[in-house]
$ cat upload-v8.txt   # compact mmCIF, N, CA and C atoms
# COMPACT_ATOMS: atom_id res chain seq x y z
N TYR A 1 -11.37 -33.80 10.79
CA TYR A 1 -12.01 -34.05 9.52
C TYR A 1 -13.12 -33.06 9.19
N THR A 2 -13.55 -32.30 10.19
CA THR A 2 -14.57 -31.29 9.91
C THR A 2 -13.99 -30.10 9.18
N LEU A 3 -12.68 -29.94 9.23
CA LEU A 3 -12.03 -28.83 8.54
C LEU A 3 -12.07 -29.02 7.02
N ARG A 4 -11.98 -30.27 6.57
CA ARG A 4 -11.93 -30.53 5.13
C ARG A 4 -13.13 -29.97 4.37
N PRO A 5 -14.38 -30.25 4.79
CA PRO A 5 -15.50 -29.68 4.02
C PRO A 5 -15.59 -28.16 4.13
N ILE A 6 -15.22 -27.62 5.28
CA ILE A 6 -15.25 -26.17 5.43
C ILE A 6 -14.27 -25.52 4.46
N LEU A 7 -13.05 -26.05 4.41
CA LEU A 7 -12.04 -25.51 3.47
C LEU A 7 -12.49 -25.69 2.03
N ARG A 8 -13.03 -26.87 1.73
CA ARG A 8 -13.45 -27.15 0.35
C ARG A 8 -14.52 -26.16 -0.10
N TRP A 9 -15.52 -25.93 0.74
CA TRP A 9 -16.60 -25.02 0.37
C TRP A 9 -16.14 -23.57 0.35
N ALA A 10 -15.31 -23.18 1.30
CA ALA A 10 -14.81 -21.79 1.32
C ALA A 10 -13.99 -21.51 0.07
N LEU A 11 -13.12 -22.44 -0.29
CA LEU A 11 -12.30 -22.24 -1.49
C LEU A 11 -13.14 -22.33 -2.75
N ALA A 12 -14.13 -23.20 -2.76
CA ALA A 12 -15.03 -23.30 -3.92
C ALA A 12 -15.72 -21.96 -4.15
N LEU A 13 -16.24 -21.36 -3.09
CA LEU A 13 -16.91 -20.07 -3.23
C LEU A 13 -15.95 -18.99 -3.68
N MET A 14 -14.72 -19.02 -3.17
CA MET A 14 -13.72 -18.04 -3.61
C MET A 14 -13.50 -18.14 -5.12
N TRP A 15 -13.33 -19.38 -5.62
CA TRP A 15 -13.09 -19.57 -7.05
C TRP A 15 -14.32 -19.19 -7.87
N LEU A 16 -15.50 -19.53 -7.41
CA LEU A 16 -16.71 -19.19 -8.16
C LEU A 16 -16.91 -17.67 -8.23
N PHE A 17 -16.76 -17.00 -7.09
CA PHE A 17 -16.91 -15.55 -7.09
C PHE A 17 -15.84 -14.88 -7.93
N SER A 18 -14.63 -15.41 -7.88
CA SER A 18 -13.54 -14.85 -8.68
C SER A 18 -13.85 -14.98 -10.17
N GLY A 19 -14.34 -16.14 -10.57
CA GLY A 19 -14.69 -16.34 -11.97
C GLY A 19 -15.81 -15.43 -12.42
N LEU A 20 -16.82 -15.26 -11.58
CA LEU A 20 -17.94 -14.39 -11.93
C LEU A 20 -17.52 -12.92 -11.92
N ALA A 21 -16.67 -12.53 -10.99
CA ALA A 21 -16.23 -11.14 -10.90
C ALA A 21 -15.50 -10.71 -12.17
N GLY A 22 -14.73 -11.61 -12.75
CA GLY A 22 -14.00 -11.28 -13.96
C GLY A 22 -14.88 -11.10 -15.18
N LEU A 23 -16.12 -11.54 -15.09
CA LEU A 23 -17.05 -11.43 -16.22
C LEU A 23 -17.88 -10.15 -16.17
N ARG A 24 -17.67 -9.34 -15.13
CA ARG A 24 -18.42 -8.08 -15.02
C ARG A 24 -18.06 -7.14 -16.16
N PRO A 25 -19.01 -6.29 -16.56
CA PRO A 25 -18.71 -5.29 -17.59
C PRO A 25 -17.59 -4.36 -17.12
N GLY A 26 -16.71 -4.01 -18.02
CA GLY A 26 -15.64 -3.07 -17.72
C GLY A 26 -14.35 -3.68 -17.22
N VAL A 27 -14.36 -4.96 -16.90
CA VAL A 27 -13.15 -5.59 -16.37
C VAL A 27 -12.06 -5.64 -17.45
N ILE A 28 -12.43 -5.88 -18.69
CA ILE A 28 -11.43 -5.95 -19.75
C ILE A 28 -10.70 -4.62 -19.89
N ALA A 29 -11.41 -3.51 -19.70
CA ALA A 29 -10.77 -2.19 -19.82
C ALA A 29 -9.67 -2.01 -18.78
N VAL A 30 -9.81 -2.63 -17.63
CA VAL A 30 -8.78 -2.56 -16.59
C VAL A 30 -7.70 -3.61 -16.84
N TRP A 31 -8.10 -4.77 -17.28
CA TRP A 31 -7.22 -5.91 -17.47
C TRP A 31 -6.28 -5.73 -18.66
N ALA A 32 -6.78 -5.23 -19.76
CA ALA A 32 -5.99 -5.15 -21.01
C ALA A 32 -4.70 -4.34 -20.86
N PRO A 33 -4.72 -3.16 -20.24
CA PRO A 33 -3.46 -2.42 -20.11
C PRO A 33 -2.40 -3.16 -19.27
N ALA A 34 -2.84 -3.85 -18.24
CA ALA A 34 -1.90 -4.62 -17.43
C ALA A 34 -1.29 -5.76 -18.25
N MET A 35 -2.08 -6.38 -19.10
CA MET A 35 -1.59 -7.50 -19.91
C MET A 35 -0.72 -7.03 -21.07
N ALA A 36 -0.78 -5.74 -21.40
CA ALA A 36 0.08 -5.19 -22.45
C ALA A 36 1.55 -5.32 -22.08
N VAL A 37 1.84 -5.41 -20.77
CA VAL A 37 3.22 -5.62 -20.30
C VAL A 37 3.79 -6.90 -20.93
N PHE A 38 2.93 -7.87 -21.18
CA PHE A 38 3.36 -9.14 -21.77
C PHE A 38 3.23 -9.14 -23.29
N GLY A 39 2.94 -7.99 -23.87
CA GLY A 39 2.82 -7.89 -25.31
C GLY A 39 1.49 -8.36 -25.86
N LEU A 40 0.48 -8.49 -25.00
CA LEU A 40 -0.82 -8.96 -25.47
C LEU A 40 -1.65 -7.80 -26.00
N THR A 41 -2.29 -8.02 -27.11
CA THR A 41 -3.24 -7.04 -27.65
C THR A 41 -4.48 -7.04 -26.76
N PRO A 42 -5.30 -5.99 -26.83
CA PRO A 42 -6.54 -6.00 -26.04
C PRO A 42 -7.42 -7.22 -26.34
N TYR A 43 -7.45 -7.64 -27.60
CA TYR A 43 -8.25 -8.82 -27.95
C TYR A 43 -7.73 -10.07 -27.25
N LEU A 44 -6.41 -10.28 -27.30
CA LEU A 44 -5.84 -11.45 -26.63
C LEU A 44 -5.96 -11.36 -25.12
N ALA A 45 -5.82 -10.15 -24.58
CA ALA A 45 -6.00 -9.97 -23.14
C ALA A 45 -7.43 -10.33 -22.73
N GLY A 46 -8.40 -9.93 -23.55
CA GLY A 46 -9.79 -10.28 -23.27
C GLY A 46 -10.02 -11.78 -23.33
N ALA A 47 -9.43 -12.42 -24.34
CA ALA A 47 -9.55 -13.87 -24.46
C ALA A 47 -8.92 -14.57 -23.25
N LEU A 48 -7.77 -14.06 -22.82
CA LEU A 48 -7.11 -14.62 -21.64
C LEU A 48 -7.96 -14.42 -20.39
N LEU A 49 -8.57 -13.26 -20.26
CA LEU A 49 -9.45 -13.00 -19.13
C LEU A 49 -10.60 -14.00 -19.10
N TYR A 50 -11.25 -14.22 -20.23
CA TYR A 50 -12.37 -15.16 -20.27
C TYR A 50 -11.91 -16.59 -20.00
N ALA A 51 -10.73 -16.95 -20.48
CA ALA A 51 -10.19 -18.28 -20.20
C ALA A 51 -9.90 -18.43 -18.71
N ALA A 52 -9.34 -17.38 -18.10
CA ALA A 52 -9.05 -17.41 -16.67
C ALA A 52 -10.34 -17.53 -15.86
N CYS A 53 -11.37 -16.80 -16.29
CA CYS A 53 -12.67 -16.89 -15.61
C CYS A 53 -13.25 -18.30 -15.72
N ALA A 54 -13.14 -18.89 -16.90
CA ALA A 54 -13.63 -20.25 -17.10
C ALA A 54 -12.87 -21.23 -16.21
N LEU A 55 -11.56 -21.05 -16.10
CA LEU A 55 -10.76 -21.91 -15.24
C LEU A 55 -11.17 -21.74 -13.78
N ASP A 56 -11.34 -20.51 -13.34
CA ASP A 56 -11.79 -20.25 -11.96
C ASP A 56 -13.13 -20.94 -11.70
N LEU A 57 -14.06 -20.79 -12.62
CA LEU A 57 -15.39 -21.39 -12.46
C LEU A 57 -15.30 -22.92 -12.46
N ALA A 58 -14.44 -23.47 -13.29
CA ALA A 58 -14.28 -24.93 -13.33
C ALA A 58 -13.68 -25.46 -12.03
N ILE A 59 -12.69 -24.76 -11.50
CA ILE A 59 -12.10 -25.17 -10.22
C ILE A 59 -13.16 -25.10 -9.12
N GLY A 60 -13.90 -23.99 -9.09
CA GLY A 60 -14.96 -23.85 -8.08
C GLY A 60 -16.01 -24.95 -8.20
N ALA A 61 -16.45 -25.24 -9.41
CA ALA A 61 -17.46 -26.27 -9.63
C ALA A 61 -16.94 -27.65 -9.22
N ALA A 62 -15.69 -27.93 -9.54
CA ALA A 62 -15.09 -29.22 -9.16
C ALA A 62 -15.03 -29.36 -7.64
N LEU A 63 -14.70 -28.27 -6.95
CA LEU A 63 -14.66 -28.32 -5.49
C LEU A 63 -16.05 -28.48 -4.90
N VAL A 64 -17.04 -27.81 -5.47
CA VAL A 64 -18.43 -27.97 -5.00
C VAL A 64 -18.85 -29.43 -5.15
N ALA A 65 -18.52 -30.02 -6.30
CA ALA A 65 -18.89 -31.40 -6.57
C ALA A 65 -18.06 -32.41 -5.80
N GLY A 66 -16.96 -31.96 -5.21
CA GLY A 66 -16.08 -32.88 -4.50
C GLY A 66 -15.29 -33.78 -5.43
N TYR A 67 -15.13 -33.33 -6.65
CA TYR A 67 -14.44 -34.12 -7.68
C TYR A 67 -12.93 -34.03 -7.52
N ARG A 68 -12.28 -35.14 -7.27
CA ARG A 68 -10.82 -35.23 -7.18
C ARG A 68 -10.23 -34.01 -6.46
N VAL A 69 -10.66 -33.86 -5.23
CA VAL A 69 -10.35 -32.65 -4.46
C VAL A 69 -8.85 -32.41 -4.36
N ARG A 70 -8.07 -33.45 -4.11
CA ARG A 70 -6.62 -33.24 -3.98
C ARG A 70 -6.02 -32.76 -5.30
N ALA A 71 -6.40 -33.37 -6.40
CA ALA A 71 -5.89 -32.96 -7.71
C ALA A 71 -6.32 -31.53 -8.04
N VAL A 72 -7.57 -31.20 -7.73
CA VAL A 72 -8.06 -29.84 -7.98
C VAL A 72 -7.33 -28.84 -7.08
N ALA A 73 -7.06 -29.24 -5.85
CA ALA A 73 -6.30 -28.35 -4.95
C ALA A 73 -4.90 -28.11 -5.48
N LEU A 74 -4.26 -29.14 -5.99
CA LEU A 74 -2.92 -28.97 -6.57
C LEU A 74 -2.96 -28.08 -7.81
N LEU A 75 -3.98 -28.24 -8.64
CA LEU A 75 -4.16 -27.34 -9.79
C LEU A 75 -4.38 -25.91 -9.29
N SER A 76 -5.17 -25.75 -8.25
CA SER A 76 -5.42 -24.43 -7.67
C SER A 76 -4.12 -23.77 -7.22
N LEU A 77 -3.25 -24.55 -6.60
CA LEU A 77 -1.97 -24.00 -6.15
C LEU A 77 -1.16 -23.48 -7.33
N ALA A 78 -1.16 -24.23 -8.43
CA ALA A 78 -0.43 -23.79 -9.62
C ALA A 78 -1.05 -22.52 -10.19
N VAL A 79 -2.38 -22.44 -10.22
CA VAL A 79 -3.06 -21.26 -10.75
C VAL A 79 -2.79 -20.04 -9.87
N ILE A 80 -2.88 -20.22 -8.55
CA ILE A 80 -2.61 -19.10 -7.65
C ILE A 80 -1.18 -18.61 -7.82
N ALA A 81 -0.24 -19.53 -7.85
CA ALA A 81 1.17 -19.14 -8.00
C ALA A 81 1.42 -18.46 -9.34
N GLY A 82 0.86 -19.00 -10.41
CA GLY A 82 1.06 -18.41 -11.74
C GLY A 82 0.42 -17.04 -11.85
N PHE A 83 -0.80 -16.91 -11.36
CA PHE A 83 -1.50 -15.62 -11.41
C PHE A 83 -0.74 -14.59 -10.58
N THR A 84 -0.31 -14.98 -9.40
CA THR A 84 0.40 -14.05 -8.52
C THR A 84 1.70 -13.59 -9.17
N ALA A 85 2.43 -14.51 -9.75
CA ALA A 85 3.69 -14.15 -10.41
C ALA A 85 3.44 -13.23 -11.61
N ALA A 86 2.46 -13.56 -12.43
CA ALA A 86 2.18 -12.76 -13.62
C ALA A 86 1.72 -11.35 -13.25
N VAL A 87 0.82 -11.25 -12.29
CA VAL A 87 0.32 -9.94 -11.91
C VAL A 87 1.39 -9.13 -11.18
N THR A 88 2.27 -9.81 -10.46
CA THR A 88 3.38 -9.10 -9.81
C THR A 88 4.26 -8.43 -10.85
N VAL A 89 4.48 -9.09 -11.98
CA VAL A 89 5.27 -8.50 -13.06
C VAL A 89 4.48 -7.40 -13.76
N ALA A 90 3.20 -7.66 -14.05
CA ALA A 90 2.40 -6.72 -14.84
C ALA A 90 1.97 -5.50 -14.03
N ALA A 91 1.63 -5.69 -12.77
CA ALA A 91 1.09 -4.59 -11.96
C ALA A 91 1.52 -4.76 -10.51
N PRO A 92 2.80 -4.57 -10.22
CA PRO A 92 3.29 -4.80 -8.85
C PRO A 92 2.63 -3.91 -7.80
N GLY A 93 2.09 -2.79 -8.22
CA GLY A 93 1.41 -1.90 -7.29
C GLY A 93 0.20 -2.54 -6.62
N LEU A 94 -0.32 -3.62 -7.20
CA LEU A 94 -1.48 -4.28 -6.61
C LEU A 94 -1.16 -4.91 -5.25
N TRP A 95 0.13 -5.12 -4.97
CA TRP A 95 0.50 -5.63 -3.64
C TRP A 95 0.14 -4.61 -2.56
N LEU A 96 0.11 -3.33 -2.92
CA LEU A 96 -0.19 -2.28 -1.95
C LEU A 96 -1.63 -1.81 -2.00
N ASP A 97 -2.43 -2.39 -2.89
CA ASP A 97 -3.83 -2.01 -3.02
C ASP A 97 -4.54 -2.30 -1.70
N PRO A 98 -5.33 -1.34 -1.20
CA PRO A 98 -5.99 -1.55 0.10
C PRO A 98 -6.99 -2.70 0.12
N LEU A 99 -7.50 -3.10 -1.03
CA LEU A 99 -8.43 -4.23 -1.06
C LEU A 99 -7.71 -5.57 -1.20
N GLY A 100 -6.41 -5.54 -1.40
CA GLY A 100 -5.59 -6.74 -1.36
C GLY A 100 -5.83 -7.78 -2.43
N PRO A 101 -5.94 -7.38 -3.72
CA PRO A 101 -6.18 -8.41 -4.74
C PRO A 101 -5.05 -9.43 -4.84
N LEU A 102 -3.84 -9.07 -4.47
CA LEU A 102 -2.75 -10.04 -4.47
C LEU A 102 -2.49 -10.59 -3.07
N ALA A 103 -2.62 -9.75 -2.07
CA ALA A 103 -2.34 -10.20 -0.70
C ALA A 103 -3.25 -11.35 -0.28
N LYS A 104 -4.48 -11.38 -0.80
CA LYS A 104 -5.39 -12.47 -0.45
C LYS A 104 -4.90 -13.81 -0.97
N ASN A 105 -4.00 -13.78 -1.95
CA ASN A 105 -3.50 -15.04 -2.49
C ASN A 105 -2.64 -15.80 -1.48
N LEU A 106 -2.03 -15.09 -0.54
CA LEU A 106 -1.19 -15.77 0.45
C LEU A 106 -2.02 -16.68 1.37
N PRO A 107 -3.10 -16.19 1.99
CA PRO A 107 -3.90 -17.12 2.79
C PRO A 107 -4.65 -18.15 1.93
N ALA A 108 -5.04 -17.78 0.72
CA ALA A 108 -5.69 -18.75 -0.17
C ALA A 108 -4.74 -19.89 -0.50
N PHE A 109 -3.47 -19.56 -0.73
CA PHE A 109 -2.46 -20.58 -1.02
C PHE A 109 -2.29 -21.49 0.19
N ALA A 110 -2.20 -20.89 1.39
CA ALA A 110 -2.03 -21.69 2.61
C ALA A 110 -3.23 -22.60 2.84
N ALA A 111 -4.44 -22.05 2.69
CA ALA A 111 -5.65 -22.86 2.89
C ALA A 111 -5.73 -23.99 1.87
N THR A 112 -5.31 -23.73 0.65
CA THR A 112 -5.33 -24.76 -0.38
C THR A 112 -4.29 -25.84 -0.08
N CYS A 113 -3.14 -25.46 0.47
CA CYS A 113 -2.14 -26.46 0.88
C CYS A 113 -2.73 -27.39 1.94
N VAL A 114 -3.46 -26.83 2.90
CA VAL A 114 -4.08 -27.64 3.95
C VAL A 114 -5.13 -28.56 3.34
N LEU A 115 -5.96 -28.03 2.44
CA LEU A 115 -6.97 -28.87 1.78
C LEU A 115 -6.32 -30.01 1.01
N ALA A 116 -5.25 -29.71 0.28
CA ALA A 116 -4.56 -30.77 -0.47
C ALA A 116 -4.01 -31.84 0.46
N ALA A 117 -3.52 -31.43 1.61
CA ALA A 117 -2.97 -32.39 2.57
C ALA A 117 -4.07 -33.26 3.20
N LEU A 118 -5.25 -32.68 3.41
CA LEU A 118 -6.35 -33.40 4.04
C LEU A 118 -7.16 -34.24 3.08
N ALA A 119 -7.14 -33.88 1.80
CA ALA A 119 -8.00 -34.55 0.80
C ALA A 119 -7.49 -35.95 0.49
N ARG A 120 -8.45 -36.79 0.23
CA ARG A 120 -8.12 -38.16 -0.20
C ARG A 120 -8.88 -38.45 -1.48
N ASP A 121 -8.18 -38.43 -2.60
CA ASP A 121 -8.83 -38.77 -3.87
C ASP A 121 -8.92 -40.29 -3.98
N ARG A 122 -9.99 -40.71 -4.61
CA ARG A 122 -10.18 -42.17 -4.78
C ARG A 122 -10.05 -42.55 -6.22
$ encode --input "upload-v8.txt" --output "structure tokens"
Amino acid sequence: YTLRPILRWALALMWLFSGLAGLRPGVIAVWAPAMAVFGLTPYLAGALLYAACALDLAIGAALVAGYRVRAVALLSLAVIAGFTAAVTVAAPGLWLDPLGPLAKNLPAFAATCVLAALARDR
């Protein structure tokens, strides 16, 4: 049972940092061309980026608060899977990026599966 809070806090920090990282200046300039693969204009790509950041921050905040941890973990799994699939289509080269922006999703997915299995929502 000591693993549950460690996983919850580690994943919460990952989501919070991810949400904040997307709000840095210049991120839209990198993000918009990748989203053009899906036919999104730079304006819509920017709106999607801010929505994704808000979702990341909300997931992180919910995990910090311990709010419906299992449900939030299941939502996290859907977000990780959706993001990974979309970015794989838009920018498959990121799988080979030395900093691993997509490769990190594999252990994050596994850790979130464990958290979902350990969590007990009331």
$ atom_distance --input "upload-v8.txt" --atom1 "CA of Val89 (chain A)" --atom2 "CA of Ala110 (chain A)"
21.7 Å
$ select_by_dssp --input "upload-v8.txt" --residues "chain A" --states "helix (DSSP H, G or I)" --output "number ranges by chain"
A: 3-21, 27-38, 42-65, 69-90, 92-96, 105-118
$ residues_near_point --input "upload-v8.txt" --point "(-4.3, -32.6, -4.8)" --cutoff "8 Å" --atoms "only N, CA and C atoms" --output "ChimeraX atom specification"
/A:68-76,115-117,119-121
$ write_last_selection --input "upload-v8.txt" --atoms "N, CA and C atoms" --output "tab-separated table (two decimals), keeping the file's coordinate frame"
chain	number	residue	atom	x	y	z
A	68	ARG	N	-12.28	-35.14	-7.27
A	68	ARG	CA	-10.82	-35.23	-7.18
A	68	ARG	C	-10.23	-34.01	-6.46
A	69	VAL	N	-10.66	-33.86	-5.23
A	69	VAL	CA	-10.35	-32.65	-4.46
A	69	VAL	C	-8.85	-32.41	-4.36
A	70	ARG	N	-8.07	-33.45	-4.11
A	70	ARG	CA	-6.62	-33.24	-3.98
A	70	ARG	C	-6.02	-32.76	-5.30
A	71	ALA	N	-6.40	-33.37	-6.40
A	71	ALA	CA	-5.89	-32.96	-7.71
A	71	ALA	C	-6.32	-31.53	-8.04
A	72	VAL	N	-7.57	-31.20	-7.73
A	72	VAL	CA	-8.06	-29.84	-7.98
A	72	VAL	C	-7.33	-28.84	-7.08
A	73	ALA	N	-7.06	-29.24	-5.85
A	73	ALA	CA	-6.30	-28.35	-4.95
A	73	ALA	C	-4.90	-28.11	-5.48
A	74	LEU	N	-4.26	-29.14	-5.99
A	74	LEU	CA	-2.92	-28.97	-6.57
A	74	LEU	C	-2.96	-28.08	-7.81
A	75	LEU	N	-3.98	-28.24	-8.64
A	75	LEU	CA	-4.16	-27.34	-9.79
A	75	LEU	C	-4.38	-25.91	-9.29
A	76	SER	N	-5.17	-25.75	-8.25
A	76	SER	CA	-5.42	-24.43	-7.67
A	76	SER	C	-4.12	-23.77	-7.22
A	115	LEU	N	-5.96	-28.03	2.44
A	115	LEU	CA	-6.97	-28.87	1.78
A	115	LEU	C	-6.32	-30.01	1.01
A	116	ALA	N	-5.25	-29.71	0.28
A	116	ALA	CA	-4.56	-30.77	-0.47
A	116	ALA	C	-4.01	-31.84	0.46
A	117	ALA	N	-3.52	-31.43	1.61
A	117	ALA	CA	-2.97	-32.39	2.57
A	117	ALA	C	-4.07	-33.26	3.20
A	119	ALA	N	-7.14	-33.88	1.80
A	119	ALA	CA	-8.00	-34.55	0.80
A	119	ALA	C	-7.49	-35.95	0.49
A	120	ARG	N	-8.45	-36.79	0.23
A	120	ARG	CA	-8.12	-38.16	-0.20
A	120	ARG	C	-8.88	-38.45	-1.48
A	121	ASP	N	-8.18	-38.43	-2.60
A	121	ASP	CA	-8.83	-38.77	-3.87
A	121	ASP	C	-8.92	-40.29	-3.98
$ closest_residue --input "upload-v8.txt" --among "A:Leu55, A:Ala61, A:Cys113, A:Leu99" --to "Leu77 (chain A)" --atoms "only N, CA and C atoms"
A:Cys113
$ residues_near_point --input "upload-v8.txt" --point "(-10.7, -15.6, 1.4)" --cutoff "8 Å" --atoms "all atoms listed in the file" --output "PDB file with N, CA and C atoms, keeping the file's coordinate frame"
ATOM      1  N   ALA A  10     -15.310 -23.180   1.300  1.00  0.00           N
ATOM      2  CA  ALA A  10     -14.810 -21.790   1.320  1.00  0.00           C
ATOM      3  C   ALA A  10     -13.990 -21.510   0.070  1.00  0.00           C
ATOM      4  N   LEU A  11     -13.120 -22.440  -0.290  1.00  0.00           N
ATOM      5  CA  LEU A  11     -12.300 -22.240  -1.490  1.00  0.00           C
ATOM      6  C   LEU A  11     -13.140 -22.330  -2.750  1.00  0.00           C
ATOM      7  N   MET A  14     -14.720 -19.020  -3.170  1.00  0.00           N
ATOM      8  CA  MET A  14     -13.720 -18.040  -3.610  1.00  0.00           C
ATOM      9  C   MET A  14     -13.500 -18.140  -5.120  1.00  0.00           C
ATOM     10  N   LYS A 104      -4.480 -11.380  -0.800  1.00  0.00           N
ATOM     11  CA  LYS A 104      -5.390 -12.470  -0.450  1.00  0.00           C
ATOM     12  C   LYS A 104      -4.900 -13.810  -0.970  1.00  0.00           C
ATOM     13  N   ASN A 105      -4.000 -13.780  -1.950  1.00  0.00           N
ATOM     14  CA  ASN A 105      -3.500 -15.040  -2.490  1.00  0.00           C
ATOM     15  C   ASN A 105      -2.640 -15.800  -1.480  1.00  0.00           C
ATOM     16  N   PRO A 107      -3.100 -16.190   1.990  1.00  0.00           N
ATOM     17  CA  PRO A 107      -3.900 -17.120   2.790  1.00  0.00           C
ATOM     18  C   PRO A 107      -4.650 -18.150   1.930  1.00  0.00           C
ATOM     19  N   ALA A 108      -5.040 -17.780   0.720  1.00  0.00           N
ATOM     20  CA  ALA A 108      -5.690 -18.750  -0.170  1.00  0.00           C
ATOM     21  C   ALA A 108      -4.740 -19.890  -0.500  1.00  0.00           C
TER      22      ALA A 108
END
$ closest_residue --input "upload-v8.txt" --among "A:Leu96, A:Leu16, A:Ala78, A:Leu23" --to "Asp56 (chain A)" --atoms "all atoms listed in the file"
A:Leu16
$ residues_around --input "upload-v8.txt" --residues "Gly46 (chain A)" --least-positions-apart "6" --cutoff "7 Å" --atoms "all atoms listed in the file" --output "MDAnalysis selection string"
chainID A and resid 28 31:32
$ closest_residue --input "upload-v8.txt" --among "A:Pro101, A:Leu106, A:Trp15, A:Val87" --to "Ala58 (chain A)" --atoms "all atoms listed in the file"
A:Trp15
$ closest_residue --input "upload-v8.txt" --among "A:Pro5, A:Pro92, A:Gly82, A:Gly22" --to "Leu49 (chain A)" --atoms "all atoms listed in the file"
A:Gly22
$ closest_residue --input "upload-v8.txt" --among "A:Leu118, A:Ala86, A:Ala12, A:Leu3" --to "Ile59 (chain A)" --atoms "all atoms listed in the file"
A:Ala12
